file upload.txt (compact mmCIF, C-alpha atoms)
# COMPACT_ATOMS: atom_id res chain seq x y z
CA MET A 1 57.12 -107.93 98.97
CA ASN A 2 55.06 -105.46 96.97
CA SER A 3 52.75 -103.33 99.10
CA THR A 4 49.36 -101.98 98.18
CA SER A 5 49.75 -99.15 100.71
CA SER A 6 49.44 -95.69 99.27
CA SER A 7 52.05 -94.18 101.61
CA PRO A 8 55.72 -94.64 100.64
CA VAL A 9 56.70 -95.19 104.27
CA ASN A 10 54.06 -97.91 104.59
CA GLU A 11 55.48 -99.54 101.49
CA ILE A 12 58.94 -99.52 103.07
CA ALA A 13 57.55 -101.02 106.27
CA ALA A 14 55.75 -103.74 104.32
CA GLU A 15 58.87 -104.53 102.29
CA LEU A 16 61.01 -104.89 105.40
CA GLY A 17 58.30 -106.81 107.24
CA GLY A 18 58.36 -109.39 104.47
CA LEU A 19 62.02 -110.05 105.20
CA ASP A 20 61.64 -110.99 108.86
CA PRO A 21 58.92 -110.69 111.55
CA ALA A 22 61.45 -108.81 113.71
CA TYR A 23 60.78 -105.76 111.53
CA ALA A 24 57.37 -105.44 113.22
CA PRO A 25 56.59 -102.09 114.89
CA THR A 26 58.46 -101.48 118.12
CA PRO A 27 56.63 -100.48 121.31
CA LEU A 28 55.91 -96.91 122.32
CA LEU A 29 56.15 -96.78 126.11
CA ASN A 30 54.36 -94.37 128.42
CA LEU A 31 56.66 -93.65 131.39
CA PRO A 32 54.64 -91.80 134.05
CA ALA A 33 57.17 -92.37 136.85
CA LEU A 34 59.87 -90.79 134.73
CA ALA A 35 57.58 -87.91 133.79
CA GLU A 36 56.97 -87.24 137.48
CA ARG A 37 60.70 -87.30 138.19
CA LEU A 38 61.41 -84.85 135.38
CA GLY A 39 58.50 -82.59 136.31
CA VAL A 40 56.68 -82.79 132.97
CA ALA A 41 53.22 -83.98 131.95
CA GLN A 42 54.30 -86.95 129.86
CA VAL A 43 57.33 -88.94 128.75
CA LEU A 44 56.96 -91.36 125.85
CA ALA A 45 59.82 -93.61 124.75
CA LYS A 46 59.99 -95.43 121.42
CA ASP A 47 61.96 -98.61 122.16
CA GLU A 48 64.00 -99.25 119.00
CA GLY A 49 66.10 -101.79 120.87
CA ARG A 50 63.30 -104.24 120.07
CA ARG A 51 63.85 -103.70 116.34
CA MET A 52 65.49 -106.26 114.03
CA LEU A 53 69.24 -106.51 114.85
CA GLY A 54 68.71 -104.47 118.01
CA SER A 55 68.48 -100.92 116.67
CA PHE A 56 66.70 -98.50 114.34
CA LYS A 57 69.64 -98.79 111.93
CA SER A 58 68.17 -102.02 110.56
CA LEU A 59 65.43 -99.96 108.92
CA GLY A 60 67.71 -97.65 106.95
CA GLY A 61 70.78 -99.67 106.11
CA THR A 62 68.90 -102.77 105.03
CA TYR A 63 66.34 -100.89 102.95
CA ALA A 64 69.00 -98.75 101.25
CA GLY A 65 71.26 -101.75 100.63
CA LEU A 66 68.49 -103.72 98.96
CA ARG A 67 67.48 -100.73 96.84
CA ALA A 68 71.08 -100.25 95.74
CA LEU A 69 71.45 -103.88 94.70
CA ALA A 70 68.11 -103.80 92.89
CA ARG A 71 69.15 -100.72 90.90
CA ALA A 72 72.46 -102.33 90.00
CA SER A 73 70.68 -105.48 88.79
CA ARG A 74 67.89 -103.50 87.09
CA MET A 75 65.33 -105.48 89.05
CA GLN A 76 62.62 -104.78 91.57
CA VAL A 77 63.61 -105.61 95.14
CA ALA A 78 61.07 -108.43 95.33
CA ASP A 79 62.45 -110.00 92.15
CA LEU A 80 66.02 -109.61 93.38
CA LEU A 81 65.19 -111.38 96.64
CA ALA A 82 63.48 -114.21 94.77
CA ALA A 83 66.28 -114.69 92.25
CA ARG A 84 69.37 -113.96 94.39
CA PRO A 85 71.42 -113.70 91.19
CA LYS A 86 75.10 -114.59 91.12
CA GLY A 87 77.73 -111.96 90.48
CA GLN A 88 76.10 -109.12 92.40
CA PRO A 89 78.30 -106.19 93.45
CA THR A 90 79.66 -105.92 96.98
CA LEU A 91 77.90 -103.63 99.43
CA VAL A 92 80.44 -101.40 101.17
CA CYS A 93 79.96 -99.25 104.25
CA ALA A 94 81.61 -97.80 107.34
CA SER A 95 80.16 -98.36 110.77
CA ASP A 96 80.50 -98.27 114.54
CA GLY A 97 78.42 -101.45 114.52
CA ASN A 98 74.71 -100.95 113.90
CA HIS A 99 74.78 -99.62 110.33
CA GLY A 100 77.26 -102.33 109.35
CA LEU A 101 74.93 -105.00 110.73
CA ALA A 102 72.06 -103.56 108.69
CA VAL A 103 73.99 -103.37 105.43
CA ALA A 104 75.42 -106.85 105.97
CA ALA A 105 71.86 -108.12 106.50
CA ALA A 106 70.77 -106.56 103.20
CA ALA A 107 73.56 -108.39 101.41
CA ARG A 108 72.64 -111.65 103.14
CA PHE A 109 68.97 -111.36 102.18
CA ALA A 110 69.92 -110.73 98.54
CA GLY A 111 72.76 -113.25 98.31
CA ALA A 112 75.38 -110.55 97.72
CA PRO A 113 78.78 -109.94 99.37
CA ALA A 114 79.44 -107.12 101.84
CA ARG A 115 82.50 -105.37 103.29
CA VAL A 116 82.20 -103.29 106.44
CA PHE A 117 84.93 -100.81 107.41
CA LEU A 118 85.36 -100.50 111.18
CA HIS A 119 87.65 -98.14 113.06
CA GLU A 120 90.07 -99.56 115.59
CA GLY A 121 87.92 -98.53 118.55
CA VAL A 122 85.08 -100.93 117.66
CA PRO A 123 85.03 -103.97 120.01
CA ASN A 124 85.78 -107.35 118.48
CA ALA A 125 82.47 -108.73 119.71
CA ARG A 126 80.65 -106.15 117.60
CA ALA A 127 82.75 -107.08 114.57
CA ARG A 128 81.91 -110.76 115.06
CA ARG A 129 78.17 -110.02 114.93
CA ILE A 130 78.69 -108.32 111.57
CA GLU A 131 80.77 -111.25 110.35
CA ASN A 132 77.94 -113.56 111.43
CA GLN A 133 75.74 -111.75 108.88
CA GLY A 134 78.24 -112.86 106.22
CA ALA A 135 80.20 -109.64 105.76
CA ALA A 136 83.97 -109.21 105.60
CA ILE A 137 85.55 -106.73 108.03
CA VAL A 138 88.18 -104.16 107.09
CA TRP A 139 89.91 -102.52 110.06
CA VAL A 140 90.88 -98.85 109.76
CA PRO A 141 93.18 -96.88 112.11
CA GLY A 142 91.65 -93.79 113.71
CA THR A 143 88.03 -92.76 114.19
CA TYR A 144 84.67 -93.49 112.64
CA ASP A 145 85.26 -90.67 110.18
CA ASN A 146 88.47 -92.34 109.03
CA ALA A 147 86.45 -95.50 108.37
CA VAL A 148 83.90 -93.43 106.42
CA ASP A 149 86.71 -92.03 104.25
CA ALA A 150 88.24 -95.48 103.70
CA ALA A 151 84.92 -97.06 102.70
CA ALA A 152 84.20 -94.23 100.25
CA ALA A 153 87.67 -94.55 98.73
CA ALA A 154 87.27 -98.31 98.32
CA ALA A 155 83.93 -97.88 96.56
CA CYS A 156 85.36 -95.18 94.27
CA GLN A 157 88.15 -97.55 93.30
CA GLY A 158 85.65 -100.15 92.13
CA GLY A 159 85.31 -102.06 95.37
CA GLY A 160 81.52 -102.11 95.34
CA ILE A 161 78.45 -99.98 96.04
CA LEU A 162 78.84 -97.55 98.92
CA VAL A 163 75.84 -97.73 101.28
CA ALA A 164 76.69 -94.81 103.53
CA ASP A 165 74.52 -93.17 106.15
CA THR A 166 76.38 -89.88 105.74
CA THR A 167 77.54 -87.79 102.78
CA ASP A 168 78.62 -84.33 101.64
CA ASP A 169 76.11 -84.53 98.77
CA PRO A 170 72.66 -83.21 99.80
CA ASN A 171 71.05 -85.29 97.04
CA ASP A 172 72.85 -88.61 97.53
CA PRO A 173 70.18 -91.20 96.64
CA ILE A 174 71.47 -93.96 98.89
CA VAL A 175 71.76 -91.78 102.00
CA CYS A 176 68.27 -90.49 101.23
CA ASP A 177 67.09 -94.13 101.09
CA VAL A 178 68.67 -94.73 104.50
CA MET A 179 66.76 -91.77 105.94
CA ALA A 180 63.56 -92.93 104.23
CA GLY A 181 63.91 -96.26 106.04
CA TYR A 182 64.23 -94.46 109.36
CA GLY A 183 60.97 -92.70 108.52
CA VAL A 184 59.16 -95.94 109.38
CA THR A 185 59.80 -95.14 113.04
CA ALA A 186 58.16 -91.72 112.72
CA ALA A 187 55.08 -93.22 111.07
CA GLU A 188 54.80 -95.79 113.85
CA ILE A 189 55.05 -93.06 116.50
CA ARG A 190 52.20 -91.10 114.95
CA ASP A 191 49.96 -94.15 114.74
CA GLN A 192 50.79 -95.39 118.24
CA VAL A 193 50.33 -92.04 119.97
CA ASP A 194 46.97 -91.44 118.33
CA PHE A 195 45.76 -95.03 118.84
CA ALA A 196 46.65 -94.97 122.56
CA GLY A 197 45.09 -91.55 123.07
CA HIS A 198 48.27 -89.99 124.43
CA GLY A 199 48.74 -86.27 124.12
CA ARG A 200 50.87 -85.48 121.10
CA PRO A 201 54.43 -84.62 122.14
CA THR A 202 55.46 -81.00 122.39
CA HIS A 203 59.19 -81.77 122.35
CA VAL A 204 61.30 -84.51 120.77
CA PHE A 205 64.79 -85.08 122.17
CA ILE A 206 66.72 -87.26 119.76
CA GLN A 207 70.25 -88.51 119.31
CA ALA A 208 72.26 -86.65 116.69
CA GLY A 209 75.19 -88.69 115.36
CA VAL A 210 75.43 -87.77 111.68
CA GLY A 211 71.82 -86.56 111.88
CA GLY A 212 69.97 -89.06 109.69
CA LEU A 213 67.56 -90.38 112.31
CA ALA A 214 66.86 -86.91 113.71
CA ALA A 215 66.12 -85.63 110.21
CA ALA A 216 63.78 -88.54 109.46
CA ILE A 217 61.88 -87.98 112.71
CA ALA A 218 61.68 -84.22 112.12
CA GLU A 219 60.31 -84.81 108.63
CA GLY A 220 57.96 -87.59 109.66
CA LEU A 221 56.47 -85.68 112.60
CA SER A 222 56.30 -82.31 110.85
CA GLY A 223 52.93 -80.64 111.37
CA TRP A 224 51.80 -83.34 113.80
CA LEU A 225 53.53 -82.39 117.05
CA ALA A 226 51.70 -80.19 119.55
CA PRO A 227 53.02 -76.63 119.99
CA PRO A 228 55.79 -75.63 120.23
CA GLY A 229 56.65 -78.74 118.22
CA CYS A 230 60.34 -78.56 119.06
CA ILE A 231 62.93 -81.02 117.67
CA VAL A 232 66.03 -81.04 119.88
CA THR A 233 69.10 -82.98 118.73
CA VAL A 234 71.42 -84.29 121.41
CA GLU A 235 75.18 -84.80 121.12
CA PRO A 236 78.01 -85.79 123.47
CA GLU A 237 80.20 -82.82 124.35
CA THR A 238 83.22 -84.69 122.99
CA ALA A 239 81.67 -85.50 119.61
CA ALA A 240 79.42 -82.58 118.72
CA CYS A 241 79.38 -82.21 114.94
CA LEU A 242 75.72 -81.41 114.23
CA ALA A 243 75.52 -78.11 116.11
CA PRO A 244 78.28 -76.44 114.04
CA ALA A 245 76.79 -77.89 110.86
CA LEU A 246 73.35 -76.45 111.67
CA ALA A 247 74.93 -73.08 112.38
CA ALA A 248 76.99 -73.09 109.17
CA GLY A 249 74.38 -74.69 106.92
CA ARG A 250 76.79 -77.39 105.80
CA PRO A 251 78.80 -80.25 107.32
CA ILE A 252 81.82 -79.19 109.37
CA ARG A 253 84.53 -81.73 110.24
CA VAL A 254 85.18 -81.74 113.99
CA MET A 255 88.65 -82.95 114.88
CA GLY A 256 89.83 -84.93 117.89
CA ASP A 257 89.51 -88.51 119.06
CA LEU A 258 85.71 -88.15 119.51
CA ARG A 259 85.77 -90.57 122.43
CA THR A 260 82.49 -90.92 124.27
CA SER A 261 80.56 -93.61 126.13
CA ALA A 262 77.82 -92.98 123.55
CA GLU A 263 79.86 -94.86 120.96
CA MET A 264 77.21 -94.81 118.25
CA LEU A 265 77.32 -91.00 118.35
CA SER A 266 81.10 -90.78 117.98
CA CYS A 267 80.93 -88.84 114.71
CA GLY A 268 83.03 -85.91 113.56
CA GLN A 269 80.98 -84.78 110.59
CA ALA A 270 77.24 -84.52 110.04
CA SER A 271 75.47 -85.64 106.87
CA ALA A 272 74.53 -82.94 104.36
CA PRO A 273 71.01 -84.26 103.57
CA ALA A 274 70.25 -84.47 107.30
CA VAL A 275 71.54 -80.96 107.95
CA ALA A 276 69.32 -79.57 105.19
CA VAL A 277 66.20 -81.28 106.58
CA LEU A 278 66.90 -80.32 110.18
CA ARG A 279 67.52 -76.68 109.29
CA ARG A 280 64.27 -76.61 107.33
CA HIS A 281 62.40 -77.82 110.42
CA GLY A 282 64.16 -75.41 112.79
CA ALA A 283 65.83 -78.15 114.86
CA ARG A 284 67.86 -77.15 117.89
CA ALA A 285 71.07 -78.78 119.14
CA ILE A 286 72.33 -79.31 122.68
CA THR A 287 75.33 -81.17 124.08
CA VAL A 288 75.59 -83.28 127.21
CA PRO A 289 78.66 -84.34 129.25
CA GLU A 290 79.67 -87.94 129.75
CA ALA A 291 78.34 -88.17 133.29
CA GLU A 292 74.84 -87.26 132.15
CA LEU A 293 74.90 -89.78 129.30
CA VAL A 294 75.73 -92.53 131.78
CA ASP A 295 73.21 -91.24 134.33
CA ALA A 296 70.37 -91.42 131.80
CA VAL A 297 70.97 -95.18 131.47
CA ARG A 298 70.73 -95.53 135.24
CA VAL A 299 67.58 -93.40 135.46
CA LEU A 300 65.81 -95.49 132.82
CA SER A 301 66.69 -98.69 134.61
CA ALA A 302 65.70 -97.38 138.04
CA HIS A 303 62.35 -95.90 137.02
CA ASP A 304 61.06 -98.28 134.39
CA GLY A 305 63.44 -101.25 134.25
CA LEU A 306 64.52 -100.38 130.72
CA ALA A 307 68.00 -101.38 129.56
CA THR A 308 69.91 -99.52 126.88
CA THR A 309 73.32 -97.92 126.30
CA PRO A 310 74.54 -94.32 126.68
CA SER A 311 73.93 -93.97 122.94
CA GLY A 312 70.43 -95.37 123.28
CA ALA A 313 69.61 -93.10 126.22
CA ALA A 314 71.19 -89.92 124.81
CA GLY A 315 67.82 -88.36 123.95
CA LEU A 316 66.71 -88.75 127.56
CA ALA A 317 70.05 -87.35 128.73
CA GLY A 318 69.37 -84.29 126.62
CA ALA A 319 65.88 -83.87 128.03
CA MET A 320 67.17 -84.15 131.59
CA ALA A 321 69.91 -81.62 130.90
CA ALA A 322 67.50 -79.18 129.27
CA LEU A 323 64.99 -79.41 132.08
CA ALA A 324 67.72 -78.74 134.65
CA ASP A 325 68.96 -75.60 132.89
CA PRO A 326 66.72 -72.50 133.08
CA SER A 327 68.24 -71.08 129.91
CA HIS A 328 67.23 -74.20 128.00
CA THR A 329 63.75 -74.40 129.52
CA SER A 330 63.10 -70.81 128.53
CA ASP A 331 64.58 -71.12 125.05
CA LEU A 332 62.81 -74.40 124.26
CA GLY A 333 59.49 -73.55 125.92
CA LEU A 334 59.70 -76.37 128.46
CA ASP A 335 57.44 -76.39 131.53
CA ARG A 336 55.31 -78.74 133.61
CA SER A 337 52.79 -79.11 130.80
CA SER A 338 55.40 -80.31 128.31
CA ARG A 339 55.02 -83.74 126.74
CA ILE A 340 58.36 -85.26 125.81
CA LEU A 341 59.22 -87.97 123.30
CA VAL A 342 62.57 -89.78 123.36
CA LEU A 343 63.89 -92.67 121.29
CA LEU A 344 65.76 -95.55 122.91
CA THR A 345 67.76 -96.22 119.80
CA GLU A 346 69.50 -99.50 120.60
CA ARG A 347 69.61 -102.56 122.80
CA ALA A 348 72.80 -103.27 124.70
CA TRP A 349 75.08 -105.39 122.51
CA GLU A 350 75.46 -108.05 125.18
CA ASP A 351 71.66 -108.49 125.20
CA ARG A 352 71.41 -109.22 121.48
CA THR A 353 70.94 -112.78 120.28
call {"tool": "encode", "arguments": {"input": "upload.txt", "output": "structure tokens"}}
result
Amino acid sequence: MNSTSSSPVNEIAAELGGLDPAYAPTPLLNLPALAERLGVAQVLAKDEGRRMLGSFKSLGGTYAGLRALARASRMQVADLLAARPKGQPTLVCASDGNHGLAVAAAARFAGAPARVFLHEGVPNARARRIENQGAAIVWVPGTYDNAVDAAAAAACQGGGILVADTTDDPNDPIVCDVMAGYGVTAAEIRDQVDFAGHGRPTHVFIQAGVGGLAAAIAEGLSGWLAPPGCIVTVEPETAACLAPALAAGRPIRVMGDLRTSAEMLSCGQASAPAVAVLRRHGARAITVPEAELVDAVRVLSAHDGLATTPSGAAGLAGAMAALADPSHTSDLGLDRSSRILVLLTERAWEDRT
């Protein structure tokens, strides 16, 4: 499991790759038909649905979970995986599905228990996939944010180690580990674009949620994107928590039921470490209505035969919305020469084996 790579992100990739071949780099797709439809020079899509467990979350949650267990056992991760010692603490997290799968997988690899807090809107089929990784499920009334609060309270009361992907603490080491794991995707994008000879993207449209992935991509692609080098975070209109956080410089709790077809983005409060990184990189935020989230899934399927969810296609939905709005095209510097990068962040749950 130990890597000889000099780059920390390469070391993370090597560590995860030693767990399962499904942690191999995911494809970066060139979509010329979609670029022509949108009226831009290039559209590239990083297909994270091909990642272990069906989403990018397997990079962050599993890496952070293993690091947390290793710290608790005062062992290196490689030694922990080899020994699988008895009596390890429980990994605890909240999830809409993907993060819980990733944390449960970390516990399974290490031989530790896990408890995943799910809000009542999570489908039972999603819960069963987490249980199949060996984790126990705790159901929480309300929204994802209620599950986040319940998981944190359980950990504070001695219920285990909290492996959250969001926090009020800008220096939370575990949330920073989660974001570091997501940085593997950014490193792959850089290598794949340059290897294929594509033009470097001018704009990245990326799902917001609590902001961890967007922050990792902004950090990982900093100084590499072509001008204007714009990072644009995309949120559903009904669950837009990152935009107010970027404006205020701190997380702001957005109230309401947060219902959206982009279920993995149904978050009412952004993560403080992500907000700090995104503000430092000058990230923008836009919102999209439900109809456009659903339409982006259809457009992907019609033009390139790609299957994802409204959450997975939210970055594309944001790009389509921005390109259709003259105020956005002017503000973001979008025109026919723009080269756009989107991330397809998950595979449809029914397509996962």
call {"tool": "closest_residue", "arguments": {"input": "upload.txt", "among": "A:Gly121, A:Pro201, A:Gly229, A:Gly209", "to": "Thr143 of chain A", "atoms": "only C-alpha atoms"}}
result
A:Gly121
call {"tool": "closest_residue", "arguments": {"input": "upload.txt", "among": "A:Pro32, A:Gly197, A:Gly97, A:Gly183", "to": "Ser55 of chain A", "atoms": "all atoms listed in the file"}}
result
A:Gly97
call {"tool": "residues_around", "arguments": {"input": "upload.txt", "residues": "Ala151 of chain A", "least_positions_apart": "3", "cutoff": "8 Å", "atoms": "only C-alpha atoms", "output": "list of chain:residue names"}}
result
A:Val92, A:Cys93, A:Ala94, A:Val116, A:Phe117, A:Ala147, A:Val148, A:Ala154, A:Ala155, A:Leu162
call {"tool": "atom_distance", "arguments": {"input": "upload.txt", "atom1": "atom CA of Leu66 of chain A", "atom2": "atom CA of Ala106 of chain A"}}
result
5.6 Å
call {"tool": "residues_around", "arguments": {"input": "upload.txt", "residues": "Ala216 of chain A", "least_positions_apart": "5", "cutoff": "8 Å", "atoms": "only C-alpha atoms", "output": "ChimeraX atom specification"}}
result
/A:179-180,182-183,186,274
call {"tool": "closest_residue", "arguments": {"input": "upload.txt", "among": "A:Ile161, A:His303, A:Met320, A:Ser266", "to": "Ala291 of chain A", "atoms": "only C-alpha atoms"}}
result
A:Met320
call {"tool": "residues_near_point", "arguments": {"input": "upload.txt", "point": "(74.6, -111.6, 104.9)", "cutoff": "10 Å", "atoms": "only C-alpha atoms", "output": "list in words"}}
result
Leu101, Ala102, Val103, Ala104, Ala105, Ala106, Ala107, Arg108, Phe109, Ala110, Gly111, Ala112, Pro113, Ala114, Ile130, Glu131, Asn132, Gln133, Gly134, Ala135 and Ala136 of chain A
call {"tool": "atom_distance", "arguments": {"input": "upload.txt", "atom1": "atom CA of Leu344 of chain A", "atom2": "atom CA of Gly61 of chain A"}}
result
18.0 Å
call {"tool": "residues_around", "arguments": {"input": "upload.txt", "residues": "segment 329-333 of chain A", "least_positions_apart": "2", "cutoff": "9 Å", "atoms": "only C-alpha atoms", "output": "list in words"}}
result
His203, Pro228, Cys230, Val232, Arg284, Ala322, Leu323, Ala324, Asp325, Pro326, Ser327, Asp335 and Ser338 of chain A
call {"tool": "closest_residue", "arguments": {"input": "upload.txt", "among": "A:Val275, A:Leu59, A:Ala243, A:Ala125", "to": "Thr345 of chain A", "atoms": "all atoms listed in the file"}}
result
A:Leu59
call {"tool": "closest_residue", "arguments": {"input": "upload.txt", "among": "A:Cys156, A:Arg190, A:Ala285, A:Ser261", "to": "Ala208 of chain A", "atoms": "only C-alpha atoms"}}
result
A:Ala285
call {"tool": "atom_distance", "arguments": {"input": "upload.txt", "atom1": "atom CA of Leu300 of chain A", "atom2": "atom CA of Ala313 of chain A"}}
result
8.0 Å
call {"tool": "residues_around", "arguments": {"input": "upload.txt", "residues": "Gly142 of chain A", "least_positions_apart": "2", "cutoff": "9 Å", "atoms": "all atoms listed in the file", "output": "NGL selection string"}}
result
:A and (119-121 or 140 or 144-147 or 257)
call {"tool": "closest_residue", "arguments": {"input": "upload.txt", "among": "A:Ala78, A:Leu31, A:Ile231, A:Ala283", "to": "Ala247 of chain A", "atoms": "all atoms listed in the file"}}
result
A:Ala283
call {"tool": "build_atoms", "arguments": {"input": "upload.txt", "residues": "segment 314-335 of chain A", "atoms": "N, CA, C and O atoms", "output": "PDB file, keeping the file's coordinate frame"}}
result
ATOM      1  N   ALA A 314      70.698 -91.293 124.971  1.00  0.00           N
ATOM      2  CA  ALA A 314      71.190 -89.920 124.810  1.00  0.00           C
ATOM      3  C   ALA A 314      70.054 -88.908 124.690  1.00  0.00           C
ATOM      4  O   ALA A 314      70.171 -87.772 125.175  1.00  0.00           O
ATOM      5  N   GLY A 315      68.955 -89.282 124.043  1.00  0.00           N
ATOM      6  CA  GLY A 315      67.820 -88.360 123.950  1.00  0.00           C
ATOM      7  C   GLY A 315      67.292 -88.011 125.333  1.00  0.00           C
ATOM      8  O   GLY A 315      67.008 -86.841 125.624  1.00  0.00           O
ATOM      9  N   LEU A 316      67.156 -89.013 126.190  1.00  0.00           N
ATOM     10  CA  LEU A 316      66.710 -88.750 127.560  1.00  0.00           C
ATOM     11  C   LEU A 316      67.739 -87.893 128.299  1.00  0.00           C
ATOM     12  O   LEU A 316      67.356 -86.982 129.051  1.00  0.00           O
ATOM     13  N   ALA A 317      69.023 -88.166 128.098  1.00  0.00           N
ATOM     14  CA  ALA A 317      70.050 -87.350 128.730  1.00  0.00           C
ATOM     15  C   ALA A 317      69.899 -85.885 128.339  1.00  0.00           C
ATOM     16  O   ALA A 317      70.049 -84.981 129.170  1.00  0.00           O
ATOM     17  N   GLY A 318      69.591 -85.655 127.074  1.00  0.00           N
ATOM     18  CA  GLY A 318      69.370 -84.290 126.620  1.00  0.00           C
ATOM     19  C   GLY A 318      68.160 -83.651 127.256  1.00  0.00           C
ATOM     20  O   GLY A 318      68.190 -82.467 127.638  1.00  0.00           O
ATOM     21  N   ALA A 319      67.087 -84.404 127.393  1.00  0.00           N
ATOM     22  CA  ALA A 319      65.880 -83.870 128.030  1.00  0.00           C
ATOM     23  C   ALA A 319      66.148 -83.526 129.492  1.00  0.00           C
ATOM     24  O   ALA A 319      65.724 -82.473 129.993  1.00  0.00           O
ATOM     25  N   MET A 320      66.850 -84.404 130.186  1.00  0.00           N
ATOM     26  CA  MET A 320      67.170 -84.150 131.590  1.00  0.00           C
ATOM     27  C   MET A 320      68.039 -82.912 131.735  1.00  0.00           C
ATOM     28  O   MET A 320      67.829 -82.087 132.631  1.00  0.00           O
ATOM     29  N   ALA A 321      69.026 -82.787 130.842  1.00  0.00           N
ATOM     30  CA  ALA A 321      69.910 -81.620 130.900  1.00  0.00           C
ATOM     31  C   ALA A 321      69.149 -80.330 130.616  1.00  0.00           C
ATOM     32  O   ALA A 321      69.342 -79.310 131.283  1.00  0.00           O
ATOM     33  N   ALA A 322      68.272 -80.378 129.626  1.00  0.00           N
ATOM     34  CA  ALA A 322      67.500 -79.180 129.270  1.00  0.00           C
ATOM     35  C   ALA A 322      66.576 -78.758 130.385  1.00  0.00           C
ATOM     36  O   ALA A 322      66.439 -77.560 130.696  1.00  0.00           O
ATOM     37  N   LEU A 323      65.929 -79.730 131.015  1.00  0.00           N
ATOM     38  CA  LEU A 323      64.990 -79.410 132.080  1.00  0.00           C
ATOM     39  C   LEU A 323      65.678 -78.887 133.332  1.00  0.00           C
ATOM     40  O   LEU A 323      65.059 -78.208 134.149  1.00  0.00           O
ATOM     41  N   ALA A 324      66.970 -79.199 133.478  1.00  0.00           N
ATOM     42  CA  ALA A 324      67.720 -78.740 134.650  1.00  0.00           C
ATOM     43  C   ALA A 324      68.372 -77.384 134.433  1.00  0.00           C
ATOM     44  O   ALA A 324      68.944 -76.821 135.374  1.00  0.00           O
ATOM     45  N   ASP A 325      68.270 -76.845 133.240  1.00  0.00           N
ATOM     46  CA  ASP A 325      68.960 -75.600 132.890  1.00  0.00           C
ATOM     47  C   ASP A 325      67.920 -74.532 132.535  1.00  0.00           C
ATOM     48  O   ASP A 325      67.261 -74.632 131.495  1.00  0.00           O
ATOM     49  N   PRO A 326      67.744 -73.519 133.353  1.00  0.00           N
ATOM     50  CA  PRO A 326      66.720 -72.500 133.080  1.00  0.00           C
ATOM     51  C   PRO A 326      66.865 -71.827 131.724  1.00  0.00           C
ATOM     52  O   PRO A 326      65.859 -71.461 131.098  1.00  0.00           O
ATOM     53  N   SER A 327      68.091 -71.706 131.230  1.00  0.00           N
ATOM     54  CA  SER A 327      68.240 -71.080 129.910  1.00  0.00           C
ATOM     55  C   SER A 327      67.668 -71.967 128.820  1.00  0.00           C
ATOM     56  O   SER A 327      67.067 -71.476 127.851  1.00  0.00           O
ATOM     57  N   HIS A 328      67.813 -73.281 128.975  1.00  0.00           N
ATOM     58  CA  HIS A 328      67.230 -74.200 128.000  1.00  0.00           C
ATOM     59  C   HIS A 328      65.708 -74.258 128.126  1.00  0.00           C
ATOM     60  O   HIS A 328      64.991 -74.272 127.117  1.00  0.00           O
ATOM     61  N   THR A 329      65.205 -74.311 129.362  1.00  0.00           N
ATOM     62  CA  THR A 329      63.750 -74.400 129.520  1.00  0.00           C
ATOM     63  C   THR A 329      63.063 -73.183 128.922  1.00  0.00           C
ATOM     64  O   THR A 329      62.021 -73.297 128.274  1.00  0.00           O
ATOM     65  N   SER A 330      63.677 -72.030 129.095  1.00  0.00           N
ATOM     66  CA  SER A 330      63.100 -70.810 128.530  1.00  0.00           C
ATOM     67  C   SER A 330      63.198 -70.813 127.004  1.00  0.00           C
ATOM     68  O   SER A 330      62.220 -70.524 126.312  1.00  0.00           O
ATOM     69  N   ASP A 331      64.362 -71.160 126.488  1.00  0.00           N
ATOM     70  CA  ASP A 331      64.580 -71.120 125.050  1.00  0.00           C
ATOM     71  C   ASP A 331      63.724 -72.140 124.310  1.00  0.00           C
ATOM     72  O   ASP A 331      63.225 -71.877 123.210  1.00  0.00           O
ATOM     73  N   LEU A 332      63.538 -73.317 124.926  1.00  0.00           N
ATOM     74  CA  LEU A 332      62.810 -74.400 124.260  1.00  0.00           C
ATOM     75  C   LEU A 332      61.324 -74.427 124.631  1.00  0.00           C
ATOM     76  O   LEU A 332      60.575 -75.243 124.090  1.00  0.00           O
ATOM     77  N   GLY A 333      60.896 -73.575 125.527  1.00  0.00           N
ATOM     78  CA  GLY A 333      59.490 -73.550 125.920  1.00  0.00           C
ATOM     79  C   GLY A 333      59.087 -74.751 126.736  1.00  0.00           C
ATOM     80  O   GLY A 333      57.962 -75.252 126.622  1.00  0.00           O
ATOM     81  N   LEU A 334      59.984 -75.221 127.600  1.00  0.00           N
ATOM     82  CA  LEU A 334      59.700 -76.370 128.460  1.00  0.00           C
ATOM     83  C   LEU A 334      59.084 -75.926 129.772  1.00  0.00           C
ATOM     84  O   LEU A 334      59.533 -74.957 130.387  1.00  0.00           O
ATOM     85  N   ASP A 335      58.035 -76.647 130.217  1.00  0.00           N
ATOM     86  CA  ASP A 335      57.440 -76.390 131.530  1.00  0.00           C
ATOM     87  C   ASP A 335      56.720 -77.654 131.982  1.00  0.00           C
ATOM     88  O   ASP A 335      56.841 -78.712 131.358  1.00  0.00           O
TER      89      ASP A 335
END
